[in-house]
4 protein chains.
Amino acid sequence: MSGVNKVILLGYLGADPEMRYMPDGTAVANLSIATSESYKDKEGNRQERTEWHRVSLYRRQAEVAGEYLKKGSMAYVEGRLRTRKWTDKEGQERYTTEIVGDRFQMVGSRRDRDGQESANGGSKNGRPASKGSGGGANMDVPPEDFDDEIPFAIAADIARRGLRRVRF
Amino acid sequence: MSGVNKVILLGYLGADPEMRYMPDGTAVANLSIATSESYKDKEGNRQERTEWHRVSLYRRQAEVAGEYLKKGSMAYVEGRLRTRKWTDKEGQERYTTEIVGDRFQMVGSRRDRDGQESANGGSKNGRPASKGSGGGANMDVPPEDFDDEIPFAIAADIARRGLRRVRF
Amino acid sequence: MSGVNKVILLGYLGADPEMRYMPDGTAVANLSIATSESYKDKEGNRQERTEWHRVSLYRRQAEVAGEYLKKGSMAYVEGRLRTRKWTDKEGQERYTTEIVGDRFQMVGSRRDRDGQESANGGSKNGRPASKGSGGGANMDVPPEDFDDEIPFAIAADIARRGLRRVRF
Amino acid sequence: MSGVNKVILLGYLGADPEMRYMPDGTAVANLSIATSESYKDKEGNRQERTEWHRVSLYRRQAEVAGEYLKKGSMAYVEGRLRTRKWTDKEGQERYTTEIVGDRFQMVGSRRDRDGQESANGGSKNGRPASKGSGGGANMDVPPEDFDDEIPFAIAADIARRGLRRVRF
DNA sequence: TTTT
DNA sequence: TTTT
């Protein structure tokens with residue numbers, strides 16, 4: 001080992017975790033986490049910039065995330081950067097950077113839309129899990145084609161490692 | 001501000017810093033930093049994976065980096081993730097993730113090719129600065145078209161913010 | 001500057017923040033934050049160890065902490081270690097280590113004892129602030145004598161820098 | 001597990017690592033690491049403050065540290081805070097905070113007193129290891145009484161866990 | 001492209 | 001897509 005490659009995130013999930021399973025049963029959870037920072041523009045007006053982060057969790061961490069986290073949950077993630085190279089449908093080489101989470105921690109609690117406590121509040125997440133793209137389309141979102149061209153971050157693995165995509 | 005978006009890197013520069021200056025004179029230094037981790041593959045053989053990170057430093061930090069760092073230098077960088085959206089020459093939207101460095105620190109010292117101490121050793125870097133692409137082309141490298149299509153990480157800024165590219 | 005001295009904490013406050021003000025009006029908030037880790041002892045039983053951290057915040061950060069945090073709040077703190085040397089009443093030199101917080105962030109929300117949302121929930125903390133030792137007395141709490149022998153972490157400053165202790 | 005308790009240090013060793021071994025042979029290395037920060041005092045003069053950190057490494061990490069690090073080496077350490085309670089010879093309860101290192105990394109290289117490369121330079125450290133207090137006596141060094149009253153950070157363990165002190 |  |  002040589003060097004340090006560490007990422008620390010604390011932010012909100014923009015969508016329920018996307019769960020997938022490798023052929024050997026290993027769980028993979030993909031999170032989309034927002035952090036924001038505020039700054040002053042040249043006119044001195046306060047602006048906010050939101051950054052979206054793609055996080056992948058594996059194994060037990062993935063399972064716990066899938067069980068307890070959902071859209072709006074706050075999460076702490078510690079991990080490392082990984083840039084993957086892949087080829088889009090035009091045959092162009094492209095690169096996608098994600099955070100491989102080595103540890104995550106649910107933080108706080110948030111009233112969900114039905115008025116129940118979630119996350120640390122203790123009740124398990126009985127929702128039907130992530131049912132859609134998980135990606136958005138406005139200016140702050142991750143590449144909208146993630147889910148199509150590469151099914152988010154681990155898509156390149158499908159052919160190579162035989163990931164199967166799970167629908168709920 | 002809401003959330004935490006923090007990156008900590010400690011690794012080696014794969015090339016001399018690329019220096020650029022904004023019209024107002026603000027210095028921008030782009031670093032390519034390698035970190036590596038070793039792991040065991042399924043056969044139990046030890047493998048090493050190198051990750052390349054694009055780091056941007058600004059202002060005084062950029063100037064100091066340009067003066068003291070060079071290819072082979074080890075550097076500690078603390079910063080945050082930023083993903084930029086840009087359009088490639090085919091008109092496709094693309095995303096590039098870089099680390100905006102809030103703080104960097106030279107570490108250690110390395111004999112350079114002429115046998116003199118560099119970096120922390122104290123002597124300033126009198127080299128002609130980065131004269132080329134700074135990007136490579138093998139499997140571990142950042143997108144090779146960075147330098148052409150988007151002159152590394154801040155290219156999208158050129159039109160928008162009026163960056164001019166500096167040649168030495 | 002040379003070197004990196006960084007602490008990252010995410011935990012719960014064991015007591016309301018203790019607020020003090022320097023003669024020039026600068027606010028100082030002292031937090032007692034608990035983190036815990038679980039491990040297996042030699043018999044294979046799962047044990048939990050709680051660590052208590054003394055955190056000092058200054059100026060605007062202190063004011064915001066005093067306003068929004070209270071006992072039971074979860075907080076993220078980023079700071080640095082500082083060890084102070086002081087002399088106890090027996091004339092012995094002693095050392096106390098605290099975290100000087102450079103940034104803090106309230107996280108999550110917790111129903112307080114009255115069933116109202118606190119912290120991020122938005123309502124300001126109108127409580128009478130920290131009225132006692134701030135420490136507890138069982139095995140997991142901060143040393144109870146902190147407040148007597150050294151009035152928590154900055155006590156040594158009182159004579160030296162003229163801090164006055166504020167009661168609410 | 002609940003919460004995050006993380007320390008990141010990058011600094012210079014003030015002394016050779018102190019090596020000890022538990023009865024079961026587990027290696028323990030104690031490092032004294034200096035970081036410094038500069039600031040301006042009220043008169044606007046630049047001042048530097050050095051902070052000394054007590055770091056404990058265990059097992060393989062300890063062995064590697066004992067082999068490669070020495071006084072003057074630069075090291076990156078990632079770990080967590082731990083405060084121990086102990087009783088001094090006057091029977092007073094006291095607290096000592098140290099960093100339990102979960103990971104360390106040698107960085108850079110430094111010419112040692114004999115003009116050879118050390119640390120990352122590659123040659124193993126064949127020196128007779130830490131033979132003394134490991135602490136100094138001026139204002140910037142670790143408390144000189146650490147080694148006497150509490151044999152540095154793990155002294156409380158000697159009775160409790162049966163550590164034996166190793167002399168070289 | 002780096003480095004051990 | 002999140003949140004304050």
# chains A, B, ... in the order shown; residues from 1 in each chain; ligands from 1
$ interface_residues --of "chain B" --to "chain E" --cutoff "6 Å" --atoms "only C-alpha atoms (C1' of nucleotides)" --output "PyMOL selection string"
chain B and resi 12-15+34+72+136
$ atom_distance --atom1 "atom CA of C:Gly11" --atom2 "atom CA of C:Thr35"
5.0 Å
$ interface_residues --of "chain D" --to "chain A" --cutoff "10 Å" --atoms "only C-alpha atoms" --output "ChimeraX atom specification"
/D:1-4,76,78,104-107
$ write_last_selection --atoms "C-alpha atoms" --output "short mmCIF file (atom, residue, chain, number, x, y, z; two decimals), in the first residue's frame"
data_model
loop_
_atom_site.label_atom_id
_atom_site.label_comp_id
_atom_site.auth_asym_id
_atom_site.auth_seq_id
_atom_site.Cartn_x
_atom_site.Cartn_y
_atom_site.Cartn_z
CA MET D 1 -20.65 1.22 16.85
CA SER D 2 -21.96 4.68 17.09
CA GLY D 3 -20.22 7.79 16.09
CA VAL D 4 -16.96 8.70 14.48
CA TYR D 76 1.14 9.80 8.44
CA GLU D 78 -4.76 7.60 11.03
CA PHE D 104 0.38 4.50 9.60
CA GLN D 105 2.41 5.31 6.60
CA MET D 106 5.98 6.41 6.29
CA VAL D 107 6.33 9.41 4.08
#
$ select_by_dssp --residues "stretch 2-123 of chain C" --states "helix (DSSP H, G or I)" --output "PyMOL selection string"
chain C and resi 59-68+119-121
$ residues_around --residues "stretch 90-100 of chain C" --least-positions-apart "3" --cutoff "8 Å" --atoms "only C-alpha atoms (C1' of nucleotides)" --output "list in words"
Val7, His53, Arg54, Val55, Ser56, Leu57, Gly79, Arg80, Leu81, Arg82, Thr83, Arg84, Lys85, Trp86, Thr87 and Ala153 of chain C; Tyr95, Thr96 and Thr97 of chain D
$ atom_distance --atom1 "atom CA of C:Leu69" --atom2 "atom CA of C:Ile33"
11.3 Å
$ atom_distance --atom1 "atom CA of A:Ala65" --atom2 "atom CA of A:Lys6"
20.0 Å
